[in-house]
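Here is the structure we will look at, set down as C-alpha coordinates.
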There are 2 protein chains.
Amino acid sequence: MRTADPSSRKLPRAWRAAPSLQGLADMPARDRAYHDLRYRIMTGRLAPGTTLLETELAGLLSLSRTPVREAVIKLEEEGLVDVRPRHGVTVKPLSMQDFAHILNVFSALEVRAFELVAARGLQPDEARALERMLEDMEAATLAHDLGHWADLDDEFHSQIVALSGNARLQDALNAFWGQQYRARMMILPLRPSPVQSDIEHRGIFEALKAGDRQLTRSRHNAHRDRADAQQLDLLGRSLGSSGFA
Amino acid sequence: MRTADPSSRKLPRAWRAAPSLQGLADMPARDRAYHDLRYRIMTGRLAPGTTLLETELAGLLSLSRTPVREAVIKLEEEGLVDVRPRHGVTVKPLSMQDFAHILNVFSALEVRAFELVAARGLQPDEARALERMLEDMEAATLAHDLGHWADLDDEFHSQIVALSGNARLQDALNAFWGQQYRARMMILPLRPSPVQSDIEHRGIFEALKAGDRQLTRSRHNAHRDRADAQQLDLLGRSLGSSGFA
DNA sequence: CGATTCAACAATGTATACATAAACGAACCG
DNA sequence: CGGTTCGTTTATGTATACATTGTTGAATCG
(Lines give C-alpha, C1' and ligand atoms only; values in the text may rest on other atoms or scores of the structure.)
Protein backbone atom coordinates (compact mmCIF):
# COMPACT_ATOMS: atom_id res chain seq x y z
CA MET A 1 0.00 0.00 0.00
CA ARG A 2 1.09 3.49 -0.83
CA THR A 3 4.17 2.29 -2.63
CA ALA A 4 5.25 4.86 -5.18
CA ASP A 5 3.81 4.13 -8.55
CA PRO A 6 6.41 4.49 -11.30
CA SER A 7 3.99 6.66 -13.23
CA SER A 8 4.16 9.35 -10.55
CA ARG A 9 7.92 9.57 -10.73
CA LYS A 10 7.91 13.26 -11.38
CA LEU A 11 6.05 14.16 -8.25
CA PRO A 12 7.77 15.05 -5.02
CA ARG A 13 8.00 12.53 -2.27
CA ALA A 14 4.55 12.49 -0.78
CA TRP A 15 5.67 10.71 2.31
CA ARG A 16 2.74 9.74 4.40
CA ALA A 17 3.44 7.40 7.27
CA ALA A 18 1.20 4.50 6.47
CA PRO A 19 0.96 1.69 8.94
CA SER A 20 3.79 -0.55 7.91
CA LEU A 21 6.55 -2.56 9.40
CA GLN A 22 8.91 -2.33 6.45
CA GLY A 23 12.56 -2.23 7.34
CA LEU A 24 12.08 -1.78 11.02
CA ALA A 25 14.89 -4.20 11.62
CA ASP A 26 17.79 -1.80 11.49
CA MET A 27 16.17 1.18 13.16
CA PRO A 28 16.95 2.29 16.67
CA ALA A 29 14.73 0.70 19.26
CA ARG A 30 12.82 3.88 19.94
CA ASP A 31 11.70 4.11 16.33
CA ARG A 32 10.93 0.43 16.20
CA ALA A 33 8.75 0.86 19.25
CA TYR A 34 7.08 3.93 17.77
CA HIS A 35 6.33 2.38 14.37
CA ASP A 36 5.37 -0.95 15.81
CA LEU A 37 2.89 0.54 18.26
CA ARG A 38 1.55 2.94 15.68
CA TYR A 39 1.03 0.05 13.32
CA ARG A 40 -0.80 -1.98 15.92
CA ILE A 41 -3.02 0.93 16.82
CA MET A 42 -3.88 1.89 13.27
CA THR A 43 -4.68 -1.60 12.18
CA GLY A 44 -6.74 -2.27 15.25
CA ARG A 45 -4.45 -4.93 16.68
CA LEU A 46 -4.38 -2.67 19.70
CA ALA A 47 -8.04 -1.87 20.05
CA PRO A 48 -9.24 1.56 21.12
CA GLY A 49 -9.60 1.69 24.84
CA THR A 50 -6.89 -0.87 25.44
CA THR A 51 -4.75 0.08 28.40
CA LEU A 52 -1.25 -1.22 29.01
CA LEU A 53 1.39 -0.36 31.54
CA GLU A 54 4.79 0.77 30.42
CA THR A 55 6.23 -2.47 31.68
CA GLU A 56 3.71 -4.46 29.69
CA LEU A 57 4.45 -2.50 26.53
CA ALA A 58 8.14 -3.07 27.06
CA GLY A 59 7.52 -6.76 27.48
CA LEU A 60 5.30 -6.84 24.42
CA LEU A 61 8.07 -5.37 22.31
CA SER A 62 10.96 -7.04 24.10
CA LEU A 63 12.58 -3.75 24.93
CA SER A 64 13.38 -1.85 28.06
CA ARG A 65 11.09 0.88 29.25
CA THR A 66 13.30 3.71 28.07
CA PRO A 67 12.75 3.53 24.31
CA VAL A 68 9.13 2.57 24.87
CA ARG A 69 8.55 5.66 26.98
CA GLU A 70 10.08 7.84 24.31
CA ALA A 71 7.91 6.26 21.64
CA VAL A 72 4.85 6.77 23.80
CA ILE A 73 5.61 10.46 24.17
CA LYS A 74 5.51 10.81 20.40
CA LEU A 75 2.33 8.81 20.09
CA GLU A 76 0.76 10.98 22.74
CA GLU A 77 1.77 14.19 20.96
CA GLU A 78 0.35 12.72 17.81
CA GLY A 79 -2.95 12.14 19.52
CA LEU A 80 -3.05 8.36 19.30
CA VAL A 81 -2.78 7.50 22.98
CA ASP A 82 -3.50 8.98 26.37
CA VAL A 83 -1.05 8.64 29.20
CA ARG A 84 -2.40 8.72 32.71
CA PRO A 85 0.48 8.61 35.13
CA ARG A 86 -0.36 5.59 37.26
CA HIS A 87 -2.92 3.98 35.03
CA GLY A 88 -0.96 3.13 31.96
CA VAL A 89 -1.24 4.26 28.37
CA THR A 90 -4.58 3.95 26.69
CA VAL A 91 -5.28 3.74 22.99
CA LYS A 92 -7.52 6.71 22.35
CA PRO A 93 -11.07 5.86 21.48
CA LEU A 94 -12.42 7.85 18.57
CA SER A 95 -15.89 9.17 19.13
CA MET A 96 -18.04 10.66 16.40
CA GLN A 97 -17.20 14.04 17.80
CA ASP A 98 -13.47 13.35 17.74
CA PHE A 99 -13.75 12.25 14.16
CA ALA A 100 -15.69 15.35 13.26
CA HIS A 101 -13.08 17.52 14.93
CA ILE A 102 -10.26 15.79 13.13
CA LEU A 103 -11.96 16.08 9.76
CA ASN A 104 -12.50 19.74 10.41
CA VAL A 105 -8.83 20.42 11.00
CA PHE A 106 -7.81 18.16 8.18
CA SER A 107 -10.06 19.86 5.67
CA ALA A 108 -9.00 23.33 6.63
CA LEU A 109 -5.36 22.43 6.17
CA GLU A 110 -5.83 20.52 2.98
CA VAL A 111 -7.82 23.26 1.35
CA ARG A 112 -5.07 25.71 2.19
CA ALA A 113 -2.47 23.37 0.75
CA PHE A 114 -4.40 23.06 -2.49
CA GLU A 115 -4.73 26.82 -2.69
CA LEU A 116 -1.00 27.15 -2.42
CA VAL A 117 -0.51 24.71 -5.25
CA ALA A 118 -2.98 26.60 -7.39
CA ALA A 119 -1.14 29.83 -6.70
CA ARG A 120 2.11 28.14 -7.60
CA GLY A 121 0.82 26.40 -10.70
CA LEU A 122 1.40 22.89 -11.98
CA GLN A 123 4.35 21.83 -14.09
CA PRO A 124 3.34 19.85 -17.19
CA ASP A 125 4.81 16.62 -15.87
CA GLU A 126 3.15 17.12 -12.50
CA ALA A 127 -0.17 17.65 -14.22
CA ARG A 128 0.35 14.54 -16.27
CA ALA A 129 1.17 12.42 -13.25
CA LEU A 130 -1.87 13.66 -11.38
CA GLU A 131 -4.10 13.09 -14.36
CA ARG A 132 -2.90 9.51 -14.59
CA MET A 133 -3.90 9.04 -10.99
CA LEU A 134 -7.35 10.36 -11.75
CA GLU A 135 -7.68 7.87 -14.55
CA ASP A 136 -6.58 5.07 -12.28
CA MET A 137 -9.13 6.09 -9.71
CA GLU A 138 -11.89 6.15 -12.28
CA ALA A 139 -10.84 2.71 -13.41
CA ALA A 140 -10.92 1.49 -9.82
CA THR A 141 -14.39 2.94 -9.45
CA LEU A 142 -15.60 1.07 -12.50
CA ALA A 143 -13.99 -2.10 -11.22
CA HIS A 144 -15.66 -1.59 -7.84
CA ASP A 145 -12.27 -1.90 -6.21
CA LEU A 146 -12.93 0.37 -3.24
CA GLY A 147 -9.74 -0.52 -1.39
CA HIS A 148 -7.53 0.41 -4.30
CA TRP A 149 -9.59 3.51 -4.94
CA ALA A 150 -9.13 4.66 -1.35
CA ASP A 151 -5.37 4.18 -1.60
CA LEU A 152 -5.24 6.19 -4.79
CA ASP A 153 -7.42 8.84 -3.24
CA ASP A 154 -5.02 9.19 -0.32
CA GLU A 155 -2.15 9.34 -2.72
CA PHE A 156 -3.78 11.92 -4.94
CA HIS A 157 -4.52 14.20 -2.05
CA SER A 158 -1.14 13.77 -0.41
CA GLN A 159 0.75 14.28 -3.63
CA ILE A 160 -0.91 17.61 -4.14
CA VAL A 161 -0.20 18.57 -0.56
CA ALA A 162 3.44 17.71 -1.16
CA LEU A 163 3.45 20.11 -4.11
CA SER A 164 2.49 22.95 -1.81
CA GLY A 165 6.08 23.16 -0.70
CA ASN A 166 5.08 23.85 2.90
CA ALA A 167 6.62 21.07 4.94
CA ARG A 168 4.93 22.05 8.18
CA LEU A 169 1.57 21.97 6.55
CA GLN A 170 2.41 18.55 5.16
CA ASP A 171 3.54 17.30 8.56
CA ALA A 172 0.45 18.56 10.30
CA LEU A 173 -1.74 16.88 7.71
CA ASN A 174 0.11 13.62 8.10
CA ALA A 175 -0.38 13.70 11.84
CA PHE A 176 -4.11 14.19 11.46
CA TRP A 177 -4.25 11.63 8.73
CA GLY A 178 -2.89 9.14 11.21
CA GLN A 179 -5.76 9.90 13.52
CA GLN A 180 -8.37 9.49 10.82
CA TYR A 181 -6.99 6.27 9.53
CA ARG A 182 -8.77 3.83 11.78
CA ALA A 183 -12.17 5.35 11.18
CA ARG A 184 -11.62 5.47 7.43
CA MET A 185 -10.71 1.81 7.37
CA MET A 186 -13.72 0.97 9.40
CA ILE A 187 -16.20 2.63 7.09
CA LEU A 188 -14.47 1.66 3.87
CA PRO A 189 -16.72 -1.28 3.04
CA LEU A 190 -19.81 0.86 3.60
CA ARG A 191 -18.87 3.51 1.09
CA PRO A 192 -21.00 3.82 -1.98
CA SER A 193 -19.38 3.93 -5.40
CA PRO A 194 -17.24 7.07 -5.38
CA VAL A 195 -18.46 8.41 -8.69
CA GLN A 196 -19.22 11.78 -7.18
CA SER A 197 -15.72 12.08 -5.74
CA ASP A 198 -14.22 11.24 -9.10
CA ILE A 199 -16.18 14.05 -10.69
CA GLU A 200 -15.18 16.51 -7.99
CA HIS A 201 -11.54 15.47 -8.25
CA ARG A 202 -11.62 16.31 -11.93
CA GLY A 203 -13.05 19.68 -11.14
CA ILE A 204 -10.43 20.42 -8.54
CA PHE A 205 -7.69 19.24 -10.83
CA GLU A 206 -8.86 21.52 -13.62
CA ALA A 207 -8.94 24.48 -11.26
CA LEU A 208 -5.46 23.64 -10.07
CA LYS A 209 -4.14 23.30 -13.58
CA ALA A 210 -5.67 26.63 -14.47
CA GLY A 211 -3.93 28.18 -11.48
CA ASP A 212 -7.23 29.54 -10.23
CA ARG A 213 -6.87 29.86 -6.51
CA GLN A 214 -10.41 30.95 -5.75
CA LEU A 215 -11.96 28.23 -7.83
CA THR A 216 -9.67 25.61 -6.35
CA ARG A 217 -10.67 26.68 -2.90
CA SER A 218 -14.36 26.71 -3.47
CA ARG A 219 -14.39 23.38 -5.31
CA HIS A 220 -12.15 21.70 -2.82
CA ASN A 221 -14.14 23.08 0.08
CA ALA A 222 -17.30 21.74 -1.46
CA HIS A 223 -15.67 18.39 -2.06
CA ARG A 224 -14.44 18.09 1.51
CA ASP A 225 -17.70 19.25 3.03
CA ARG A 226 -19.66 16.67 1.13
CA ALA A 227 -17.15 13.85 1.60
CA ASP A 228 -16.66 14.59 5.28
CA ALA A 229 -20.39 14.66 5.91
CA GLN A 230 -20.70 11.33 4.15
CA GLN A 231 -17.92 9.81 6.18
CA LEU A 232 -19.44 11.04 9.40
CA ASP A 233 -22.74 9.62 8.42
CA LEU A 234 -21.22 6.25 7.63
CA LEU A 235 -19.27 6.24 10.85
CA GLY A 236 -22.45 7.03 12.72
CA ARG A 237 -24.12 4.00 11.22
CA SER A 238 -21.23 1.70 11.83
CA LEU A 239 -21.05 2.80 15.45
CA GLY A 240 -24.78 2.87 15.96
CA SER A 241 -24.15 6.32 17.39
CA SER A 242 -23.23 4.50 20.55
CA GLY A 243 -19.65 5.12 20.99
CA PHE A 244 -16.16 4.33 20.18
CA ALA A 245 -14.02 3.34 17.30
CA MET B 1 1.10 38.53 30.53
CA ARG B 2 -1.86 36.55 29.42
CA THR B 3 -3.26 36.27 32.89
CA ALA B 4 -7.00 35.90 32.77
CA ASP B 5 -8.74 39.21 33.07
CA PRO B 6 -11.68 39.07 35.45
CA SER B 7 -13.83 40.73 32.82
CA SER B 8 -13.54 37.67 30.59
CA ARG B 9 -14.74 35.36 33.31
CA LYS B 10 -17.49 33.93 31.17
CA LEU B 11 -15.21 32.75 28.41
CA PRO B 12 -13.75 29.27 28.33
CA ARG B 13 -10.19 28.75 29.35
CA ALA B 14 -8.20 30.00 26.39
CA TRP B 15 -5.12 28.26 27.54
CA ARG B 16 -2.19 29.25 25.42
CA ALA B 17 1.22 28.23 26.65
CA ALA B 18 2.99 31.52 26.96
CA PRO B 19 6.62 31.54 27.89
CA SER B 20 6.52 31.56 31.64
CA LEU B 21 8.18 29.97 34.57
CA GLN B 22 5.26 30.22 36.96
CA GLY B 23 5.02 27.40 39.42
CA LEU B 24 7.55 25.16 37.85
CA ALA B 25 8.79 24.25 41.27
CA ASP B 26 6.50 21.35 41.99
CA MET B 27 6.30 19.87 38.51
CA PRO B 28 8.01 16.68 37.51
CA ALA B 29 11.47 17.23 36.15
CA ARG B 30 10.50 16.44 32.60
CA ASP B 31 7.95 19.22 32.55
CA ARG B 32 10.32 21.58 34.25
CA ALA B 33 12.88 20.84 31.58
CA TYR B 34 10.30 21.28 28.85
CA HIS B 35 8.93 24.58 30.09
CA ASP B 36 12.29 25.93 31.04
CA LEU B 37 13.82 25.21 27.66
CA ARG B 38 10.74 26.44 25.86
CA TYR B 39 10.91 29.63 27.83
CA ARG B 40 14.56 30.16 27.04
CA ILE B 41 14.00 29.54 23.37
CA MET B 42 10.96 31.77 23.03
CA THR B 43 12.51 34.65 24.86
CA GLY B 44 15.74 34.36 22.96
CA ARG B 45 17.86 33.39 25.94
CA LEU B 46 18.71 30.36 23.85
CA ALA B 47 19.41 32.00 20.53
CA PRO B 48 18.39 30.39 17.24
CA GLY B 49 21.19 28.25 15.96
CA THR B 50 22.53 27.50 19.41
CA THR B 51 23.61 23.90 19.68
CA LEU B 52 23.98 22.00 22.92
CA LEU B 53 24.68 18.40 23.73
CA GLU B 54 22.26 16.44 25.87
CA THR B 55 24.83 16.38 28.60
CA GLU B 56 25.21 20.13 28.44
CA LEU B 57 21.45 20.65 28.60
CA ALA B 58 21.27 18.34 31.56
CA GLY B 59 24.02 20.29 33.28
CA LEU B 60 22.34 23.57 32.44
CA LEU B 61 19.14 22.43 34.13
CA SER B 62 20.79 20.38 36.87
CA LEU B 63 18.99 17.24 35.84
CA SER B 64 19.95 13.90 34.47
CA ARG B 65 19.74 13.21 30.77
CA THR B 66 16.54 11.19 31.00
CA PRO B 67 13.99 13.93 31.64
CA VAL B 68 15.92 16.29 29.38
CA ARG B 69 15.73 13.84 26.51
CA GLU B 70 12.02 13.46 27.00
CA ALA B 71 11.55 17.22 27.04
CA VAL B 72 13.62 17.54 23.89
CA ILE B 73 11.43 15.02 22.10
CA LYS B 74 8.42 17.23 22.77
CA LEU B 75 10.24 20.36 21.70
CA GLU B 76 11.26 18.63 18.52
CA GLU B 77 7.71 17.52 17.76
CA GLU B 78 6.62 21.05 18.42
CA GLY B 79 9.10 22.31 15.85
CA LEU B 80 11.28 24.37 18.15
CA VAL B 81 14.49 22.37 17.95
CA ASP B 82 16.31 20.00 15.65
CA VAL B 83 18.01 16.92 16.97
CA ARG B 84 20.92 15.55 15.00
CA PRO B 85 22.09 12.35 16.63
CA ARG B 86 25.75 13.06 17.30
CA HIS B 87 25.72 16.80 16.93
CA GLY B 88 23.47 17.89 19.69
CA VAL B 89 20.21 19.76 19.91
CA THR B 90 19.92 22.93 17.85
CA VAL B 91 17.46 25.74 18.39
CA LYS B 92 15.71 26.04 15.05
CA PRO B 93 16.46 29.19 13.14
CA LEU B 94 13.40 30.81 11.64
CA SER B 95 13.86 31.97 8.09
CA MET B 96 11.44 34.22 6.26
CA GLN B 97 10.19 31.17 4.45
CA ASP B 98 9.64 29.27 7.68
CA PHE B 99 7.72 32.18 9.06
CA ALA B 100 5.61 32.39 5.93
CA HIS B 101 4.87 28.68 6.13
CA ILE B 102 3.89 28.91 9.76
CA LEU B 103 1.61 31.88 9.16
CA ASN B 104 -0.03 30.00 6.35
CA VAL B 105 -0.91 27.05 8.52
CA PHE B 106 -1.89 29.26 11.39
CA SER B 107 -4.25 31.34 9.31
CA ALA B 108 -5.94 28.38 7.72
CA LEU B 109 -6.63 26.88 11.12
CA GLU B 110 -7.72 30.07 12.75
CA VAL B 111 -10.13 30.93 9.99
CA ARG B 112 -11.69 27.53 10.33
CA ALA B 113 -11.98 27.96 14.08
CA PHE B 114 -13.74 31.28 13.65
CA GLU B 115 -16.11 29.74 11.14
CA LEU B 116 -17.06 27.11 13.67
CA VAL B 117 -17.77 29.76 16.24
CA ALA B 118 -19.92 31.67 13.78
CA ALA B 119 -21.85 28.50 13.01
CA ARG B 120 -22.32 27.90 16.72
CA GLY B 121 -23.24 31.46 17.59
CA LEU B 122 -22.18 33.60 20.51
CA GLN B 123 -23.83 33.62 23.90
CA PRO B 124 -24.67 37.10 25.16
CA ASP B 125 -22.05 36.96 27.91
CA GLU B 126 -19.44 35.69 25.50
CA ALA B 127 -20.20 38.52 23.14
CA ARG B 128 -19.97 41.00 25.96
CA ALA B 129 -16.60 39.69 27.12
CA LEU B 130 -15.23 39.81 23.60
CA GLU B 131 -16.52 43.28 23.05
CA ARG B 132 -14.80 44.46 26.19
CA MET B 133 -11.56 43.10 24.81
CA LEU B 134 -12.09 45.04 21.61
CA GLU B 135 -12.58 48.20 23.61
CA ASP B 136 -9.42 47.52 25.58
CA MET B 137 -7.49 47.02 22.38
CA GLU B 138 -8.76 50.25 20.94
CA ALA B 139 -7.75 52.00 24.12
CA ALA B 140 -4.30 50.47 23.89
CA THR B 141 -4.05 51.66 20.31
CA LEU B 142 -4.87 55.20 21.35
CA ALA B 143 -2.36 54.98 24.17
CA HIS B 144 0.27 53.70 21.74
CA ASP B 145 0.84 50.78 24.03
CA LEU B 146 1.82 48.23 21.40
CA GLY B 147 2.96 45.59 23.85
CA HIS B 148 -0.34 45.53 25.68
CA TRP B 149 -2.21 45.66 22.40
CA ALA B 150 -0.37 42.61 21.12
CA ASP B 151 -1.20 40.68 24.27
CA LEU B 152 -4.85 41.56 23.96
CA ASP B 153 -4.77 40.64 20.31
CA ASP B 154 -3.42 37.20 21.15
CA GLU B 155 -6.02 36.83 23.82
CA PHE B 156 -8.86 37.94 21.59
CA HIS B 157 -7.93 35.47 18.89
CA SER B 158 -7.26 32.59 21.26
CA GLN B 159 -10.47 33.16 23.18
CA ILE B 160 -12.48 32.85 20.03
CA VAL B 161 -10.58 29.75 19.06
CA ALA B 162 -11.42 28.29 22.45
CA LEU B 163 -15.09 28.91 21.74
CA SER B 164 -14.88 26.69 18.69
CA GLY B 165 -15.08 23.68 20.96
CA ASN B 166 -12.56 21.76 18.88
CA ALA B 167 -9.71 20.95 21.22
CA ARG B 168 -7.47 19.50 18.54
CA LEU B 169 -7.80 22.61 16.48
CA GLN B 170 -6.94 24.63 19.55
CA ASP B 171 -3.92 22.48 20.31
CA ALA B 172 -2.62 22.70 16.78
CA LEU B 173 -2.98 26.46 16.84
CA ASN B 174 -1.15 26.69 20.13
CA ALA B 175 1.74 24.67 18.75
CA PHE B 176 2.10 26.94 15.77
CA TRP B 177 1.65 29.97 17.93
CA GLY B 178 4.71 28.86 19.85
CA GLN B 179 6.68 28.83 16.64
CA GLN B 180 5.57 32.28 15.62
CA TYR B 181 6.25 33.81 18.96
CA ARG B 182 9.89 34.74 18.56
CA ALA B 183 9.35 36.43 15.24
CA ARG B 184 6.33 38.33 16.54
CA MET B 185 8.31 39.62 19.47
CA MET B 186 11.12 40.66 17.21
CA ILE B 187 8.95 42.77 14.92
CA LEU B 188 6.73 44.15 17.63
CA PRO B 189 8.48 47.51 17.95
CA LEU B 190 8.36 48.01 14.19
CA ARG B 191 4.62 47.67 13.91
CA PRO B 192 2.65 50.72 12.91
CA SER B 193 -0.37 51.75 14.93
CA PRO B 194 -2.85 48.88 14.60
CA VAL B 195 -5.85 51.00 13.70
CA GLN B 196 -6.59 48.86 10.69
CA SER B 197 -6.57 45.67 12.75
CA ASP B 198 -8.94 47.22 15.24
CA ILE B 199 -11.37 48.01 12.47
CA GLU B 200 -11.11 44.53 11.02
CA HIS B 201 -11.58 42.97 14.43
CA ARG B 202 -14.84 44.86 14.81
CA GLY B 203 -15.96 43.57 11.46
CA ILE B 204 -15.12 39.99 12.32
CA PHE B 205 -16.79 40.30 15.66
CA GLU B 206 -19.97 41.61 14.09
CA ALA B 207 -20.04 38.75 11.62
CA LEU B 208 -19.49 36.28 14.44
CA LYS B 209 -22.25 37.78 16.53
CA ALA B 210 -24.57 37.63 13.56
CA GLY B 211 -23.72 33.97 13.14
CA ASP B 212 -22.80 34.54 9.53
CA ARG B 213 -20.30 31.89 8.64
CA GLN B 214 -19.51 33.05 5.14
CA LEU B 215 -19.00 36.63 6.17
CA THR B 216 -16.87 35.62 9.13
CA ARG B 217 -14.70 33.57 6.85
CA SER B 218 -14.20 36.20 4.22
CA ARG B 219 -13.54 38.99 6.70
CA HIS B 220 -11.19 36.92 8.77
CA ASN B 221 -9.38 35.68 5.71
CA ALA B 222 -8.91 39.22 4.55
CA HIS B 223 -7.71 40.26 7.98
CA ARG B 224 -5.16 37.47 8.17
CA ASP B 225 -3.93 37.96 4.65
CA ARG B 226 -3.26 41.61 5.26
CA ALA B 227 -1.81 41.17 8.73
CA ASP B 228 0.37 38.24 7.71
CA ALA B 229 1.73 40.12 4.72
CA GLN B 230 2.54 43.03 6.98
CA GLN B 231 4.31 40.84 9.48
CA LEU B 232 6.33 39.16 6.78
CA ASP B 233 7.29 42.51 5.41
CA LEU B 234 8.40 43.73 8.82
CA LEU B 235 10.33 40.57 9.45
CA GLY B 236 12.04 40.98 6.12
CA ARG B 237 13.20 44.43 7.11
CA SER B 238 14.34 43.40 10.52
CA LEU B 239 16.33 40.52 9.05
CA GLY B 240 17.61 42.44 6.07
CA SER B 241 16.38 39.45 4.07
CA SER B 242 19.63 37.85 5.05
CA GLY B 243 18.71 35.13 7.31
CA PHE B 244 17.72 33.90 10.61
CA ALA B 245 15.63 34.86 13.56
C1' DC C 1 -22.43 0.02 58.77
C1' DG C 2 -19.93 3.72 56.56
C1' DA C 3 -16.13 6.64 56.43
C1' DT C 4 -11.37 7.56 57.22
C1' DT C 5 -6.56 6.66 57.83
C1' DC C 6 -2.50 4.32 57.26
C1' DA C 7 0.50 1.00 55.45
C1' DA C 8 2.08 -1.88 51.83
C1' DC C 9 2.49 -2.21 47.13
C1' DA C 10 3.13 -1.06 42.57
C1' DA C 11 3.91 1.96 38.69
C1' DT C 12 6.06 5.74 37.18
C1' DG C 13 9.81 9.33 37.37
C1' DT C 14 14.72 9.93 37.54
C1' DA C 15 19.47 8.79 37.76
C1' DT C 16 23.18 6.15 36.33
C1' DA C 17 25.77 2.55 34.19
C1' DC C 18 26.80 0.37 30.08
C1' DA C 19 26.72 -0.67 24.90
C1' DT C 20 26.96 1.11 20.43
C1' DA C 21 28.33 3.62 16.82
C1' DA C 22 29.61 7.92 14.59
C1' DA C 23 33.21 11.60 14.17
C1' DC C 24 37.90 13.01 14.50
C1' DG C 25 42.64 12.56 14.00
C1' DA C 26 46.79 10.17 13.24
C1' DA C 27 49.33 7.06 10.84
C1' DC C 28 50.03 4.78 6.72
C1' DC C 29 49.74 4.01 1.86
C1' DG C 30 49.46 5.66 -2.81
C1' DC D 1 51.52 15.68 -0.69
C1' DG D 2 46.68 13.89 -0.80
C1' DG D 3 43.72 10.37 0.36
C1' DT D 4 42.30 6.39 2.89
C1' DT D 5 41.94 3.48 6.87
C1' DC D 6 41.99 2.32 11.47
C1' DG D 7 41.80 3.35 16.35
C1' DT D 8 40.34 6.46 19.83
C1' DT D 9 37.21 9.37 21.65
C1' DT D 10 32.82 10.76 22.87
C1' DA D 11 27.84 11.45 22.39
C1' DT D 12 24.00 9.03 22.09
C1' DG D 13 20.96 4.81 22.59
C1' DT D 14 19.44 1.44 25.83
C1' DA D 15 19.10 -1.06 30.02
C1' DT D 16 18.72 -1.19 34.76
C1' DA D 17 18.75 0.34 39.44
C1' DC D 18 16.73 3.40 42.57
C1' DA D 19 13.50 7.13 44.42
C1' DT D 20 9.12 8.91 44.55
C1' DT D 21 4.45 8.95 44.81
C1' DG D 22 -0.32 7.51 43.91
C1' DT D 23 -3.48 3.66 44.67
C1' DT D 24 -5.46 -0.02 46.98
C1' DG D 25 -7.40 -2.25 50.56
C1' DA D 26 -7.75 -3.47 55.13
C1' DA D 27 -8.16 -2.15 59.73
C1' DT D 28 -9.98 1.07 62.86
C1' DC D 29 -12.84 4.64 64.46
C1' DG D 30 -17.12 7.15 64.51
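To be explicit about the labels: the chains of the C-alpha coordinates are called A, B, and onward in the order shown, and within each one the residues are counted from 1, while ligands get numbers from 1 in the order they are shown.
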For chain B versus chain A, which residues have an atom no more than 10 Å away, and what is each residue's nearest atom pair and distance in Å rounded to one decimal, using only C-alpha atoms, chain-then-number order, as a tab-separated table?
residue	atom	partner	partner_atom	distance
B:Thr66	CA	A:Thr66	CA	8.7
B:Arg69	CA	A:Glu70	CA	8.5
B:Glu70	CA	A:Glu70	CA	6.5
B:Ala71	CA	A:Ile73	CA	9.4
B:Ile73	CA	A:Lys74	CA	7.5
B:Lys74	CA	A:Lys74	CA	7.4
B:Glu76	CA	A:Lys74	CA	9.9
B:Glu77	CA	A:Glu77	CA	7.5
B:Glu78	CA	A:Glu77	CA	8.8
B:Gly79	CA	A:Arg168	CA	8.7
B:Gln97	CA	A:Asn166	CA	9.1
B:Asp98	CA	A:Asn166	CA	8.5
B:Ala100	CA	A:Asn166	CA	9.1
B:His101	CA	A:Asn166	CA	5.8
B:Ile102	CA	A:Arg168	CA	7.1
B:Asn104	CA	A:Arg112	CA	7.8
B:Val105	CA	A:Leu169	CA	6.0
B:Phe106	CA	A:Leu109	CA	9.3
B:Ser107	CA	A:Arg112	CA	9.1
B:Ala108	CA	A:Ala108	CA	6.0
B:Leu109	CA	A:Ala108	CA	6.2
B:Glu110	CA	A:Ala108	CA	9.2
B:Val111	CA	A:Ala108	CA	8.4
B:Arg112	CA	A:Ala108	CA	6.2
B:Ala113	CA	A:Val105	CA	8.7
B:Leu116	CA	A:Asn104	CA	9.3
B:Gly165	CA	A:His101	CA	8.9
B:Asn166	CA	A:His101	CA	5.8
B:Ala167	CA	A:His101	CA	7.9
B:Arg168	CA	A:His101	CA	7.0
B:Leu169	CA	A:Val105	CA	6.0
B:Gln170	CA	A:Val105	CA	9.7
B:Ala172	CA	A:Ala172	CA	8.3
B:Phe176	CA	A:Arg168	CA	9.5
Pick out the chain A residues within 12 Å of chain C. Count only C-alpha atoms (C1' of nucleotides). Give them as a ChimeraX atom specification. /A:28,52-56,65-66,69,83-89
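Interatomic distance, atom CA of A:Arg202 to atom CA of A:Arg16: 22.7 Å.
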Could you write out as number ranges by chain the residues of chain D within 9 Å of chain A, counting only C-alpha atoms (C1' of nucleotides)? D: 13-16, 22-23
All alpha helix (DSSP H) residues (DSSP, backbone) inside stretch 21-88 of chain A, as a count of residues only: 35
Work out how far apart atom CA of B:Met137 and atom CA of B:Asp153 are and give it in Å to one decimal.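 Distance between the two atoms: 7.2 Å.
Omitting A:Gly178 and its sequence neighbours fewer than 4 positions away, and counting only C-alpha atoms (C1' of nucleotides), the residues within 12 Å are Arg16, Ala17, Ala18, Pro19, His35, Arg38, Tyr39, Ile41, Met42, Thr43, Leu75, Glu77, Glu78, Gly79, Leu80, Val81, Phe99, Ile102, Leu103, Phe106, Asp154, Asp171, Ala172, Leu173, Asn174, Arg182, Ala183, Arg184 and Met185 of chain A.
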Give me the residues within 10 Å of A:Ala119 as a VMD selection string, counting only C-alpha atoms (C1' of nucleotides) and dropping any in the same chain fewer than 3 places off. chain A and resid 113 to 116 122 164 208 to 214 216
Work out how far apart atom CA of B:Asp228 and atom CA of B:Gln196 are and give it in Å to one decimal.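 Interatomic distance, atom CA of B:Asp228 to atom CA of B:Gln196: 13.0 Å.
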